[in-house]
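Peer 1: So that you have it, the file is target38.txt, and it contains compact mmCIF, C-alpha atoms:
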# COMPACT_ATOMS: atom_id res chain seq x y z
CA MET A 1 2.10 -11.07 -16.22
CA ALA A 2 4.31 -8.60 -18.08
CA ALA A 3 7.91 -9.57 -18.78
CA MET A 4 10.21 -8.82 -15.85
CA PRO A 5 13.04 -6.29 -16.26
CA LYS A 6 16.67 -7.18 -16.94
CA GLY A 7 18.59 -9.19 -14.37
CA HIS A 8 15.63 -11.47 -13.64
CA VAL A 9 16.14 -14.71 -11.72
CA SER A 10 13.65 -17.44 -12.70
CA MET A 11 12.95 -18.44 -9.08
CA LEU A 12 11.45 -15.01 -8.59
CA ASP A 13 8.72 -15.74 -11.13
CA LEU A 14 6.99 -17.78 -8.44
CA SER A 15 4.34 -16.23 -6.24
CA ALA A 16 5.05 -15.64 -2.57
CA ARG A 17 2.68 -18.45 -1.65
CA GLU A 18 4.43 -20.87 -4.01
CA LEU A 19 7.81 -19.87 -2.60
CA ARG A 20 6.54 -20.28 0.96
CA ASP A 21 5.16 -23.75 0.24
CA ARG A 22 8.38 -24.91 -1.43
CA MET A 23 10.45 -23.73 1.51
CA ALA A 24 8.11 -25.34 4.04
CA SER A 25 8.44 -28.67 2.20
CA GLY A 26 12.21 -28.46 1.91
CA ALA A 27 12.18 -28.15 -1.89
CA LEU A 28 13.69 -24.68 -1.61
CA ASN A 29 15.95 -23.09 0.98
CA ALA A 30 15.37 -19.60 2.35
CA THR A 31 19.05 -18.87 1.80
CA ASP A 32 18.68 -19.62 -1.92
CA LEU A 33 15.69 -17.28 -2.18
CA VAL A 34 17.43 -14.46 -0.33
CA GLN A 35 20.50 -14.89 -2.51
CA ALA A 36 18.33 -14.63 -5.63
CA CYS A 37 16.71 -11.46 -4.29
CA LEU A 38 20.09 -9.94 -3.46
CA GLU A 39 21.40 -10.72 -6.94
CA ARG A 40 18.39 -9.07 -8.52
CA ILE A 41 18.73 -6.04 -6.26
CA ALA A 42 22.39 -5.72 -7.21
CA ALA A 43 21.45 -5.78 -10.90
CA LEU A 44 18.64 -3.24 -10.72
CA GLU A 45 19.25 -1.00 -7.72
CA PRO A 46 21.65 1.41 -9.50
CA GLU A 47 18.76 2.44 -11.75
CA ILE A 48 15.71 1.98 -9.52
CA GLN A 49 17.13 3.06 -6.13
CA ALA A 50 14.39 1.47 -4.04
CA TRP A 51 16.41 0.86 -0.88
CA ALA A 52 17.13 3.13 2.05
CA TRP A 53 19.02 0.41 3.96
CA LEU A 54 20.10 -3.07 2.88
CA ASP A 55 22.52 -5.55 4.46
CA GLY A 56 22.78 -8.87 2.64
CA GLY A 57 24.56 -10.50 5.57
CA TYR A 58 21.73 -9.56 7.95
CA ALA A 59 19.16 -11.06 5.57
CA MET A 60 21.20 -14.25 5.07
CA LYS A 61 21.57 -14.83 8.82
CA GLN A 62 17.79 -14.72 9.19
CA ALA A 63 17.42 -17.14 6.26
CA GLU A 64 19.98 -19.55 7.74
CA ALA A 65 18.12 -19.59 11.06
CA LEU A 66 14.82 -20.33 9.30
CA ASP A 67 16.35 -23.13 7.24
CA ALA A 68 17.70 -24.66 10.46
CA LEU A 69 14.25 -24.36 12.04
CA ARG A 70 12.66 -26.25 9.17
CA ARG A 71 15.30 -28.99 9.24
CA SER A 72 14.66 -29.45 12.96
CA GLY A 73 11.09 -30.48 12.22
CA ARG A 74 9.58 -27.71 14.30
CA PRO A 75 6.52 -25.85 12.97
CA THR A 76 7.10 -23.08 10.46
CA GLY A 77 5.08 -19.88 10.17
CA PRO A 78 2.67 -18.74 7.44
CA LEU A 79 5.36 -16.49 5.93
CA HIS A 80 8.23 -18.95 6.44
CA GLY A 81 11.33 -17.81 4.58
CA LEU A 82 9.67 -14.99 2.63
CA PRO A 83 11.73 -11.80 2.29
CA VAL A 84 9.67 -8.71 3.14
CA ALA A 85 10.74 -5.11 2.52
CA LEU A 86 9.65 -2.42 4.99
CA LYS A 87 9.02 1.24 4.27
CA ASP A 88 11.61 3.23 6.18
CA VAL A 89 9.06 4.71 8.58
CA ILE A 90 8.59 1.35 10.37
CA ASP A 91 10.85 0.83 13.37
CA THR A 92 13.23 -2.13 13.28
CA ALA A 93 15.33 -3.00 16.33
CA LYS A 94 19.08 -2.42 15.80
CA VAL A 95 18.41 -1.52 12.16
CA PRO A 96 18.34 2.10 10.91
CA THR A 97 14.90 3.72 10.51
CA GLN A 98 15.42 7.24 9.20
CA ASN A 99 11.95 8.29 8.03
CA GLY A 100 13.28 9.85 4.85
CA THR A 101 14.64 12.93 6.67
CA LEU A 102 18.11 14.23 7.42
CA LEU A 103 16.90 14.93 10.95
CA ASP A 104 16.71 11.17 11.61
CA GLU A 105 19.94 10.24 9.83
CA GLY A 106 21.67 7.52 11.86
CA ARG A 107 18.57 6.81 13.96
CA VAL A 108 18.53 3.17 15.16
CA PRO A 109 15.46 2.09 17.19
CA GLU A 110 15.81 -0.18 20.20
CA THR A 111 12.59 -2.11 19.56
CA ASP A 112 10.61 -3.45 16.63
CA ALA A 113 7.31 -1.96 15.55
CA ALA A 114 4.33 -4.19 16.39
CA ILE A 115 4.01 -5.37 12.78
CA VAL A 116 7.72 -6.26 12.61
CA THR A 117 7.28 -8.46 15.68
CA ARG A 118 4.38 -10.17 13.89
CA LEU A 119 6.36 -10.61 10.70
CA ARG A 120 9.23 -12.27 12.54
CA ALA A 121 6.79 -14.52 14.44
CA ALA A 122 5.26 -15.56 11.10
CA GLY A 123 8.69 -16.56 9.75
CA ALA A 124 9.28 -13.59 7.45
CA ILE A 125 12.76 -12.28 6.67
CA ILE A 126 13.24 -8.52 7.08
CA ILE A 127 15.40 -8.03 4.02
CA GLY A 128 15.76 -4.25 4.21
CA LYS A 129 14.19 -0.80 4.42
CA THR A 130 12.70 0.89 1.37
CA VAL A 131 12.77 4.55 0.36
CA THR A 132 9.99 6.82 1.56
CA ALA A 133 9.11 10.38 0.69
CA GLU A 134 10.37 12.74 3.40
CA LEU A 135 8.42 11.99 6.59
CA ALA A 136 5.96 10.03 4.43
CA PHE A 137 4.64 13.24 2.88
CA GLN A 138 5.05 14.76 -0.58
CA HIS A 139 8.75 15.52 -1.06
CA PRO A 140 9.93 12.66 -3.34
CA GLY A 141 12.67 10.20 -2.47
CA LYS A 142 15.29 8.90 -4.90
CA THR A 143 13.32 5.91 -6.23
CA ARG A 144 12.54 5.57 -9.96
CA ASN A 145 9.69 3.75 -11.68
CA PRO A 146 10.81 0.24 -12.77
CA HIS A 147 8.81 0.48 -16.00
CA ASP A 148 10.25 3.85 -17.04
CA ALA A 149 12.99 5.47 -14.96
CA THR A 150 12.01 8.92 -16.27
CA ARG A 151 8.68 8.65 -14.42
CA THR A 152 7.68 8.80 -10.77
CA PRO A 153 6.98 5.55 -8.88
CA GLY A 154 4.44 7.47 -6.79
CA GLY A 155 4.68 8.18 -3.09
CA SER A 156 5.18 8.07 -0.27
CA SER A 157 5.67 4.26 -0.28
CA SER A 158 7.72 4.55 -3.46
CA GLY A 159 10.50 2.14 -2.56
CA SER A 160 8.14 -0.62 -1.43
CA ALA A 161 6.06 -0.46 -4.62
CA ALA A 162 9.10 -0.30 -6.89
CA ALA A 163 10.93 -3.14 -5.13
CA VAL A 164 7.98 -5.51 -5.63
CA ALA A 165 7.33 -4.34 -9.19
CA ALA A 166 10.97 -4.94 -10.13
CA GLY A 167 10.92 -8.44 -8.63
CA MET A 168 13.56 -7.51 -6.06
CA VAL A 169 11.39 -8.90 -3.28
CA PRO A 170 8.06 -10.77 -3.31
CA LEU A 171 6.37 -8.71 -0.57
CA ALA A 172 6.59 -5.26 0.97
CA VAL A 173 4.87 -3.08 3.55
CA GLY A 174 3.99 0.61 3.23
CA THR A 175 1.67 3.20 4.72
CA GLN A 176 -1.14 5.38 3.40
CA THR A 177 -2.44 8.69 4.76
CA GLY A 178 -3.77 9.96 1.45
CA GLY A 179 -2.95 7.59 -1.41
CA SER A 180 0.49 6.23 -0.61
CA VAL A 181 -0.29 2.53 -1.17
CA ILE A 182 -2.97 2.54 -3.85
CA ARG A 183 -1.35 5.12 -6.17
CA PRO A 184 2.27 3.83 -6.27
CA ALA A 185 0.89 0.32 -6.79
CA ALA A 186 -0.98 1.62 -9.83
CA PHE A 187 2.06 3.50 -11.17
CA CYS A 188 4.40 0.52 -10.68
CA GLY A 189 1.99 -2.23 -11.76
CA THR A 190 1.65 -4.16 -8.49
CA VAL A 191 -1.17 -5.10 -6.15
CA GLY A 192 -1.52 -2.56 -3.34
CA PHE A 193 -3.88 -3.32 -0.46
CA LYS A 194 -4.98 -0.73 2.11
CA PRO A 195 -7.04 -2.47 4.82
CA SER A 196 -9.88 -1.00 6.83
CA PHE A 197 -8.70 1.71 9.22
CA GLY A 198 -7.54 0.17 12.48
CA ALA A 199 -7.11 -3.36 11.11
CA ILE A 200 -3.30 -3.31 11.44
CA PRO A 201 -1.57 -1.66 14.42
CA ARG A 202 0.70 1.33 13.85
CA THR A 203 2.68 1.05 17.09
CA GLY A 204 6.30 1.85 16.25
CA VAL A 205 5.43 3.45 12.89
CA LEU A 206 5.98 7.14 12.13
CA SER A 207 2.78 9.00 13.04
CA GLN A 208 1.75 11.76 10.65
CA SER A 209 -2.05 11.82 11.03
CA PRO A 210 -3.42 9.35 13.58
CA THR A 211 -6.95 9.74 12.22
CA LEU A 212 -5.85 8.67 8.74
CA ASP A 213 -2.56 6.71 8.88
CA THR A 214 -3.06 3.14 7.67
CA ILE A 215 -0.60 0.27 7.13
CA GLY A 216 -0.81 -1.37 3.70
CA VAL A 217 0.94 -4.09 1.70
CA PHE A 218 2.37 -4.64 -1.79
CA ALA A 219 2.54 -7.93 -3.71
CA ARG A 220 2.38 -9.26 -7.25
CA THR A 221 -0.95 -11.05 -6.75
CA ILE A 222 -4.08 -10.63 -4.66
CA GLU A 223 -3.39 -13.98 -2.99
CA ASP A 224 0.06 -12.86 -1.87
CA ALA A 225 -1.29 -9.56 -0.54
CA ALA A 226 -3.87 -11.46 1.51
CA LEU A 227 -1.18 -13.81 2.84
CA LEU A 228 1.00 -10.93 4.04
CA ALA A 229 -1.79 -8.73 5.39
CA GLU A 230 -3.33 -11.54 7.43
CA ALA A 231 -0.11 -11.89 9.43
CA LEU A 232 -0.28 -8.20 10.39
CA TYR A 233 -3.92 -7.87 11.49
CA GLY A 234 -5.12 -7.69 15.06
CA PHE A 235 -5.34 -5.77 18.30
CA ASP A 236 -2.36 -4.00 19.83
CA ALA A 237 -2.60 -2.12 23.11
CA GLY A 238 -0.29 0.57 21.75
CA ASP A 239 -2.74 1.62 19.03
CA ARG A 240 -6.17 2.79 20.15
CA ALA A 241 -7.51 2.47 16.60
CA THR A 242 -7.28 -1.32 16.85
CA SER A 243 -9.89 -3.43 18.63
CA LEU A 244 -10.20 -6.93 20.02
CA ALA A 245 -11.64 -9.14 17.30
CA PRO A 246 -11.26 -12.68 15.98
CA PRO A 247 -8.33 -13.09 13.58
CA PRO A 248 -9.38 -12.64 9.96
CA ARG A 249 -9.20 -15.41 7.37
CA LEU A 250 -8.04 -13.14 4.58
CA HIS A 251 -6.05 -15.70 2.63
CA ALA A 252 -8.53 -18.57 2.86
CA THR A 253 -11.45 -16.31 1.94
CA ALA A 254 -9.58 -14.65 -0.91
CA MET A 255 -8.85 -18.09 -2.35
CA THR A 256 -12.48 -19.23 -2.35
CA LYS A 257 -14.76 -18.87 -5.32
CA PRO A 258 -17.45 -16.22 -4.76
CA PRO A 259 -20.85 -17.89 -4.09
CA VAL A 260 -22.31 -15.80 -6.91
CA ARG A 261 -20.59 -13.73 -9.58
CA PRO A 262 -19.68 -10.41 -7.93
CA THR A 263 -21.32 -7.17 -8.94
CA LEU A 264 -19.31 -3.95 -9.07
CA ALA A 265 -20.55 -0.36 -8.86
CA PHE A 266 -18.55 1.93 -11.15
CA LEU A 267 -18.03 5.47 -9.83
CA ARG A 268 -16.64 8.61 -11.39
CA PRO A 269 -15.34 10.15 -8.14
CA PRO A 270 -14.67 13.86 -7.51
CA GLY A 271 -11.78 14.88 -9.74
CA TRP A 272 -12.89 12.64 -12.64
CA GLU A 273 -12.68 15.59 -15.03
CA ARG A 274 -8.93 15.70 -14.33
CA ALA A 275 -8.35 12.05 -15.29
CA ASP A 276 -6.43 11.60 -18.51
CA ALA A 277 -7.71 9.89 -21.61
CA ASP A 278 -5.92 6.62 -20.82
CA THR A 279 -7.75 6.28 -17.51
CA THR A 280 -11.21 7.15 -18.80
CA ALA A 281 -10.87 4.89 -21.84
CA ALA A 282 -9.47 1.93 -19.89
CA LEU A 283 -12.14 2.06 -17.18
CA GLU A 284 -14.99 2.50 -19.61
CA GLU A 285 -13.68 -0.47 -21.58
CA LEU A 286 -13.49 -2.51 -18.36
CA VAL A 287 -17.06 -1.58 -17.44
CA GLU A 288 -18.21 -2.66 -20.89
CA ALA A 289 -16.32 -5.96 -20.59
CA LEU A 290 -17.94 -6.67 -17.21
CA GLY A 291 -21.39 -6.27 -18.73
CA GLU A 292 -24.18 -7.16 -16.34
CA GLN A 293 -21.69 -7.60 -13.50
CA CYS A 294 -21.17 -3.84 -13.31
CA PHE A 295 -23.51 -0.88 -13.04
CA GLU A 296 -22.77 2.84 -12.98
CA THR A 297 -23.74 5.05 -10.09
CA ALA A 298 -22.78 8.39 -8.54
CA LEU A 299 -21.72 9.63 -5.14
CA PRO A 300 -23.90 12.08 -3.24
CA GLY A 301 -22.88 15.72 -3.69
CA ILE A 302 -21.49 15.91 -0.15
CA PHE A 303 -18.49 13.86 -1.32
CA ASP A 304 -17.26 16.87 -3.33
CA GLU A 305 -15.93 18.29 -0.05
CA ALA A 306 -14.09 15.10 0.99
CA ALA A 307 -10.66 16.09 -0.37
CA GLU A 308 -10.69 19.39 1.51
CA ILE A 309 -11.85 17.70 4.73
CA ARG A 310 -9.19 14.96 4.51
CA GLU A 311 -6.48 17.54 3.93
CA ARG A 312 -7.69 19.63 6.88
CA ILE A 313 -7.39 16.64 9.21
CA ASN A 314 -4.05 15.61 7.73
CA LEU A 315 -2.42 19.03 8.03
CA ALA A 316 -3.75 19.85 11.50
CA GLU A 317 -2.51 16.53 12.88
CA MET A 318 0.75 16.77 10.95
CA ALA A 319 1.51 20.15 12.56
CA LYS A 320 1.18 18.48 15.96
CA SER A 321 2.92 15.20 15.06
CA TYR A 322 5.92 16.88 13.42
CA TYR A 323 6.36 19.68 15.96
CA GLY A 324 9.48 17.96 17.27
CA TYR A 325 11.05 17.84 13.80
CA GLU A 326 10.27 21.51 13.21
CA LYS A 327 11.75 22.47 16.58
CA ARG A 328 14.93 20.41 16.02
CA GLY A 329 15.67 21.61 12.51
CA ARG A 330 13.02 23.45 10.51
CA ASP A 331 15.64 24.61 8.02
CA GLN A 332 16.46 20.97 7.18
CA LEU A 333 12.88 20.15 6.21
CA SER A 334 11.73 20.44 2.61
CA ASP A 335 9.54 23.30 1.41
CA GLU A 336 6.64 20.85 1.06
CA VAL A 337 6.81 19.74 4.68
CA ARG A 338 7.35 23.24 6.06
CA ARG A 339 4.39 24.62 4.12
CA ALA A 340 2.17 21.75 5.28
CA ILE A 341 3.12 22.29 8.93
CA ASP A 342 2.47 26.03 8.65
CA ARG A 343 -0.92 25.46 7.04
CA GLY A 344 -1.78 22.95 9.76
CA LYS A 345 -0.93 25.45 12.50
CA ASP A 346 -3.35 27.96 10.94
CA ILE A 347 -6.38 25.63 11.00
CA PRO A 348 -8.84 26.71 13.74
CA ALA A 349 -9.60 24.08 16.37
CA ARG A 350 -13.34 24.21 15.60
CA ASP A 351 -12.68 23.42 11.92
CA TYR A 352 -10.41 20.50 12.78
CA ILE A 353 -12.80 19.04 15.35
CA SER A 354 -15.79 19.35 13.01
CA ALA A 355 -13.78 17.68 10.23
CA LEU A 356 -13.36 14.60 12.41
CA ASP A 357 -17.10 13.92 12.15
CA TRP A 358 -17.02 13.63 8.38
CA SER A 359 -15.63 10.12 8.12
CA ASP A 360 -18.79 8.52 9.49
CA VAL A 361 -21.06 10.98 7.67
CA LEU A 362 -19.49 10.18 4.31
CA TYR A 363 -19.38 6.46 5.02
CA ALA A 364 -23.13 6.48 5.74
CA GLY A 365 -23.59 7.93 2.25
CA LEU A 366 -22.09 4.74 0.79
CA ASP A 367 -24.69 2.42 2.38
CA GLU A 368 -27.11 2.51 -0.55
CA ILE A 369 -24.33 1.73 -3.02
CA PHE A 370 -22.91 -1.16 -0.97
CA GLU A 371 -26.41 -2.67 -0.66
CA ARG A 372 -26.33 -3.21 -4.42
CA CYS A 373 -22.76 -4.38 -5.03
CA ASP A 374 -19.85 -6.45 -3.72
CA ALA A 375 -17.35 -3.64 -4.25
CA ILE A 376 -17.03 -0.18 -5.75
CA LEU A 377 -14.89 0.18 -8.89
CA ALA A 378 -13.00 3.46 -9.33
CA PRO A 379 -9.72 4.70 -10.83
CA ALA A 380 -6.58 4.27 -8.74
CA ALA A 381 -4.87 7.37 -10.16
CA LEU A 382 -5.43 10.15 -12.68
CA GLY A 383 -3.45 8.19 -15.24
CA PRO A 384 -0.19 6.26 -15.67
CA ALA A 385 2.86 7.49 -13.77
CA PRO A 386 3.61 11.11 -14.72
CA GLU A 387 6.96 12.04 -16.23
CA GLY A 388 9.59 13.57 -13.99
CA HIS A 389 10.49 13.19 -10.32
CA ALA A 390 9.50 16.53 -8.82
CA SER A 391 6.11 15.17 -7.73
CA THR A 392 4.74 11.82 -6.55
CA GLY A 393 1.42 12.31 -8.34
CA ASP A 394 -2.09 13.26 -7.25
CA ALA A 395 -4.03 11.32 -4.56
CA ILE A 396 -7.46 12.73 -5.46
CA PHE A 397 -8.88 9.25 -6.21
CA ASN A 398 -7.46 7.71 -3.01
CA GLY A 399 -7.86 10.18 -0.16
CA LEU A 400 -11.64 9.85 -0.15
CA TRP A 401 -11.44 6.17 0.79
CA THR A 402 -8.68 6.80 3.33
CA LEU A 403 -10.95 9.36 5.00
CA CYS A 404 -13.87 6.92 5.00
CA GLY A 405 -11.72 4.16 6.52
CA THR A 406 -12.78 1.64 3.90
CA PRO A 407 -10.54 -1.15 2.58
CA ALA A 408 -9.21 -0.55 -0.93
CA VAL A 409 -7.05 -2.52 -3.33
CA THR A 410 -5.24 -1.77 -6.58
CA VAL A 411 -5.73 -4.53 -9.15
CA PRO A 412 -3.03 -4.07 -11.85
CA ILE A 413 -5.12 -5.05 -14.86
CA LEU A 414 -5.07 -1.88 -16.98
CA GLN A 415 -2.51 -0.36 -19.32
CA SER A 416 -2.04 2.96 -21.05
CA GLU A 417 -1.82 3.13 -24.84
CA THR A 418 1.97 3.18 -24.51
CA GLY A 419 1.99 0.06 -22.30
CA LEU A 420 2.51 1.69 -18.92
CA PRO A 421 0.74 0.00 -15.99
CA MET A 422 -2.44 1.42 -14.51
CA GLY A 423 -4.60 0.02 -11.76
CA ALA A 424 -8.29 -0.45 -11.18
CA GLN A 425 -9.23 0.37 -7.59
CA LEU A 426 -11.80 -1.70 -5.72
CA ILE A 427 -13.33 -0.44 -2.46
CA GLY A 428 -15.29 -2.47 0.10
CA ARG A 429 -17.26 -1.93 3.28
CA ARG A 430 -15.39 -1.27 6.49
CA GLY A 431 -14.36 -4.56 8.04
CA ASP A 432 -15.24 -6.49 4.89
CA ASP A 433 -11.60 -6.83 3.88
CA ALA A 434 -11.69 -10.56 3.15
CA ARG A 435 -14.69 -10.24 0.86
CA LEU A 436 -13.02 -7.34 -0.95
CA LEU A 437 -9.91 -9.44 -1.57
CA ARG A 438 -12.03 -12.34 -2.83
CA THR A 439 -13.77 -9.98 -5.26
CA ALA A 440 -10.43 -8.51 -6.34
CA ARG A 441 -9.03 -11.98 -6.98
CA TRP A 442 -12.11 -12.82 -9.04
CA LEU A 443 -11.52 -9.68 -11.15
CA GLU A 444 -7.80 -10.47 -11.43
CA GLY A 445 -8.62 -13.96 -12.71
CA LEU A 446 -11.35 -12.73 -15.05
CA MET A 447 -9.06 -10.23 -16.74
CA SER A 448 -6.28 -12.82 -16.94
CA GLU A 449 -8.66 -15.13 -18.82
CA GLU A 450 -9.58 -12.27 -21.18
CA THR A 451 -5.89 -11.60 -21.87
CA ASP A 452 -5.15 -15.28 -22.56
CA GLN A 453 -7.95 -15.58 -25.12
What is this structure when it is put down as structure tokens?

Peer 2:
Amino acid sequence: MAAMPKGHVSMLDLSARELRDRMASGALNATDLVQACLERIAALEPEIQAWAWLDGGYAMKQAEALDALRRSGRPTGPLHGLPVALKDVIDTAKVPTQNGTLLDEGRVPETDAAIVTRLRAAGAIIIGKTVTAELAFQHPGKTRNPHDATRTPGGSSSGSAAAVAAGMVPLAVGTQTGGSVIRPAAFCGTVGFKPSFGAIPRTGVLSQSPTLDTIGVFARTIEDAALLAEALYGFDAGDRATSLAPPPRLHATAMTKPPVRPTLAFLRPPGWERADADTTAALEELVEALGEQCFETALPGIFDEAAEIRERINLAEMAKSYYGYEKRGRDQLSDEVRRAIDRGKDIPARDYISALDWSDVLYAGLDEIFERCDAILAPAALGPAPEGHASTGDAIFNGLWTLCGTPAVTVPILQSETGLPMGAQLIGRRGDDARLLRTARWLEGLMSEETDQ
């Protein structure tokens, strides 16, 4: 693990699972952990600016209640005492949720989003709300990259990725409609996990594109991502994309040793020619290091149209979803959002409806590849985080998998020549999220062994 930035508190070197276990045993108090997080935030926030709303007193009251619960001898939850940051598009009762737009300034929801209810039930502490791009689209927020403040942290879950990368908080939640979990995780050097579409309910979360919107998580390790995501999975009557199914065993499966050494299929996805030299060199070196555990393959030609199809769905649904914002105050929306809404309004109904069929068509084209591998290996971004803050980067390597509804995870095992973090992206079959995380943890461990030698 790379050295943490200035202001580091040693307690925060521990993984979320280690912290959870220490608190459950009484070796560590939740109040001590929250205090350490708040101290680190105070040291780094002036430069990184990851937070849209933070109230240390609110976080400490939650921690005190959880410490009292543990002392009483009553059962504690799987996330007992762990501070979790939430992207500021996720409703929190009595706590501001402003969706990154002036039009929602001062908005305070009356009820928690479904996933917030699950986090509280699991014993998590809602420490604060993290910066999002405006309405979770492309207009950047104020957050800076913890590894180089002159570079973008990505978007639209910029604050969540940066807060975890800077060690301000062990866990965070974001959303992805194009590449808003996988790409900022790569730019900031964290694990980013986007589950299968419909695995986690979106009730109480800003809706941009119901066909594409997916909840995702950020952590420092694959194990921690599995621990957090597992608490969020499951059916919710408010989200028709979810379905009744047995609860997943993400964490337990991720922690098991694969029965055989996994095999990865390396892809050069559409847009590969735009990848920079750092990305191509790092991935080709990784493929060589994996040897017989990796083979190269190609996507069918039909995938060349995936980016256009995903954008068509996104913009058409965005024009509908954000109609209320446009009506209330179009002149207070950014140029990026206004242009996207206008483009969405111009898409013919027949083109939008036909685009909806493509997810399953494209996914069927992956069958032959998945028959031969445990996961697909692909770049997580065009390169390391670009300089400047006018853009959040390009989602060309992410949107394809969002459209297909497959689980994907950023494994932060690559670096540019100048030492900036880059991520390898692994993609699994729909519904095979636990196996994907197990494969990702195997790759994480394999590369850690290589680094230690």

Peer 1: To one decimal in Å, tell me the separation between CA of Ala355 in chain A and CA of Gly301 in chain A.

Peer 2: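 Atom-to-atom, CA of Ala355 in chain A and CA of Gly301 in chain A are spaced 16.7 Å apart.
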
Peer 1: Given the point (-1.3, 1.2, 6.6) in the file's coordinates, find the residues that have an atom at most 6 Å from it, counting only C-alpha atoms, and give them as an mmCIF file with C-alpha atoms, in the coordinates of the input.

Peer 2:
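Produced file part_15.cif, reproduced below:
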data_model
loop_
_atom_site.group_PDB
_atom_site.id
_atom_site.type_symbol
_atom_site.label_atom_id
_atom_site.label_comp_id
_atom_site.auth_asym_id
_atom_site.auth_seq_id
_atom_site.Cartn_x
_atom_site.Cartn_y
_atom_site.Cartn_z
ATOM 1 C CA THR A 175 1.670 3.200 4.720
ATOM 2 C CA GLN A 176 -1.140 5.380 3.400
ATOM 3 C CA THR A 214 -3.060 3.140 7.670
ATOM 4 C CA ILE A 215 -0.600 0.270 7.130
ATOM 5 C CA GLY A 216 -0.810 -1.370 3.700
#

Peer 1: So, counting all atoms listed in the file, which residue among A:Ala385, A:Thr221, A:Arg183, A:Thr280 is closest to Ala408 in chain A?

Peer 2: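 With all atoms listed in the file as the atom set, the closest residue is A:Arg183.
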
Peer 1: When distances are computed from all atoms listed in the file, which of A:Ile115, A:Leu103, A:Ala30, A:Val191 shows the smallest separation from Leu66 in chain A?

Peer 2: A:Ala30

Peer 1: My list of candidates is A:Asp55, A:Thr130, A:Asp104, A:Val116. Which is closest to Gly329 in chain A when distances are computed with all atoms listed in the file?

Peer 2: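 The answer is A:Asp104, which sits nearest to Gly329 in chain A.
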
Peer 1: If you count only C-alpha atoms, which residues fall within 9 Å of Leu299 in chain A, apart from same-chain ones fewer than 3 positions away, as a list in words?

Peer 2: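 Here the qualifying residues turn out to be Leu267, Arg268, Pro269, Pro270, Ile302, Phe303, Asp304, Gly365, Leu366 and Ile369 of chain A.
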
Peer 1: List as number ranges by chain the protein and nucleic acid residues near His251 in chain A, meaning an atom at most 10 Å away when all atoms listed in the file are counted, but skip any in the same chain fewer than 6 places from it.

Peer 2: A: 222-231, 434, 437-438

Peer 1: How many Å lie between CA of Pro262 in chain A and CA of Pro78 in chain A, rounded to one decimal?

Peer 2: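 Separating CA of Pro262 in chain A from CA of Pro78 in chain A is a distance of 28.4 Å.
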
Peer 1: Around range 278-287 of chain A, with edges along x, y and z and 4 Å added on all six sides, what centre and edge lengths do you get, in Å to one decimal, as AutoDock Vina command-line options?

Peer 2:
--center_x -11.5 --center_y 2.3 --center_z -19.5 --size_x 19.1 --size_y 17.7 --size_z 12.7

Peer 1: So how far away is CA of Leu426 in chain A from CA of Gly383 in chain A, in Å?

Peer 2: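 CA of Gly383 in chain A sits 16.1 Å away from CA of Leu426 in chain A.
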
Peer 1: In terms of the shortest atom-to-atom distance over only C-alpha atoms, which of A:Gly100, A:Pro348, A:Gly123, A:Gly431 is closest to Ala24 in chain A?

Peer 2: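 With only C-alpha atoms as the atom set, the closest residue is A:Gly123.
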
Peer 1: Between A:Leu135, A:Ile347, A:Leu19, A:Ala172, single out the one closest to Val84 in chain A, counting only C-alpha atoms.

Peer 2: A:Ala172

Peer 1: In the coordinates of the file, take the point (-25.9, 4.3, -1.0) and a cut-off of 12 Å; then, counting all atoms listed in the file, name each qualifying protein, DNA or RNA residue as number ranges by chain.

Peer 2: A: 265, 267, 297-300, 361-373, 376, 429

Peer 1: Using all atoms listed in the file for the distances, tell me which of A:Thr242, A:Gln138, A:Gln293, A:Thr190 is nearest to Gly393 in chain A.

Peer 2: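 Once distances to Gly393 in chain A are computed over all atoms listed in the file, the minimum belongs to A:Gln138.
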
Peer 1: What's around Glu110 in chain A at 9 Å? Count all atoms listed in the file, leave out sequence neighbours fewer than 6 positions away in its own chain, and write the answer as a list in words.

Peer 2: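 Answer for this query is Asp91, Thr92, Ala93, Lys94 and Val95 of chain A.
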
Peer 1: Emit the selected residues as a JSON list (two decimals), in the frame of the given file, including C-alpha atoms.

Peer 2:
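Written out: again19.json:
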[["chain", "number", "residue", "atom", "x", "y", "z"],
["A", 91, "ASP", "CA", 10.85, 0.83, 13.37],
["A", 92, "THR", "CA", 13.23, -2.13, 13.28],
["A", 93, "ALA", "CA", 15.33, -3.00, 16.33],
["A", 94, "LYS", "CA", 19.08, -2.42, 15.80],
["A", 95, "VAL", "CA", 18.41, -1.52, 12.16]]

Peer 1: Grab range 43-54 of chain A from that structure and dump C-alpha atoms to a file, as a PDB file, in the first residue's frame.

Peer 2:
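decode.pdb written:
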ATOM      1  CA  ALA A  43      -6.008  18.086   8.205  1.00  0.00           C
ATOM      2  CA  LEU A  44      -6.727  17.287   4.562  1.00  0.00           C
ATOM      3  CA  GLU A  45     -10.107  18.766   3.667  1.00  0.00           C
ATOM      4  CA  PRO A  46      -8.807  22.289   2.895  1.00  0.00           C
ATOM      5  CA  GLU A  47      -6.843  20.814  -0.011  1.00  0.00           C
ATOM      6  CA  ILE A  48      -8.979  17.844  -1.084  1.00  0.00           C
ATOM      7  CA  GLN A  49     -12.497  19.255  -0.524  1.00  0.00           C
ATOM      8  CA  ALA A  50     -14.265  15.894  -0.551  1.00  0.00           C
ATOM      9  CA  TRP A  51     -17.214  16.823   1.666  1.00  0.00           C
ATOM     10  CA  ALA A  52     -20.533  18.417   0.791  1.00  0.00           C
ATOM     11  CA  TRP A  53     -21.832  18.146   4.379  1.00  0.00           C
ATOM     12  CA  LEU A  54     -20.072  17.097   7.574  1.00  0.00           C
TER      13      LEU A  54
END
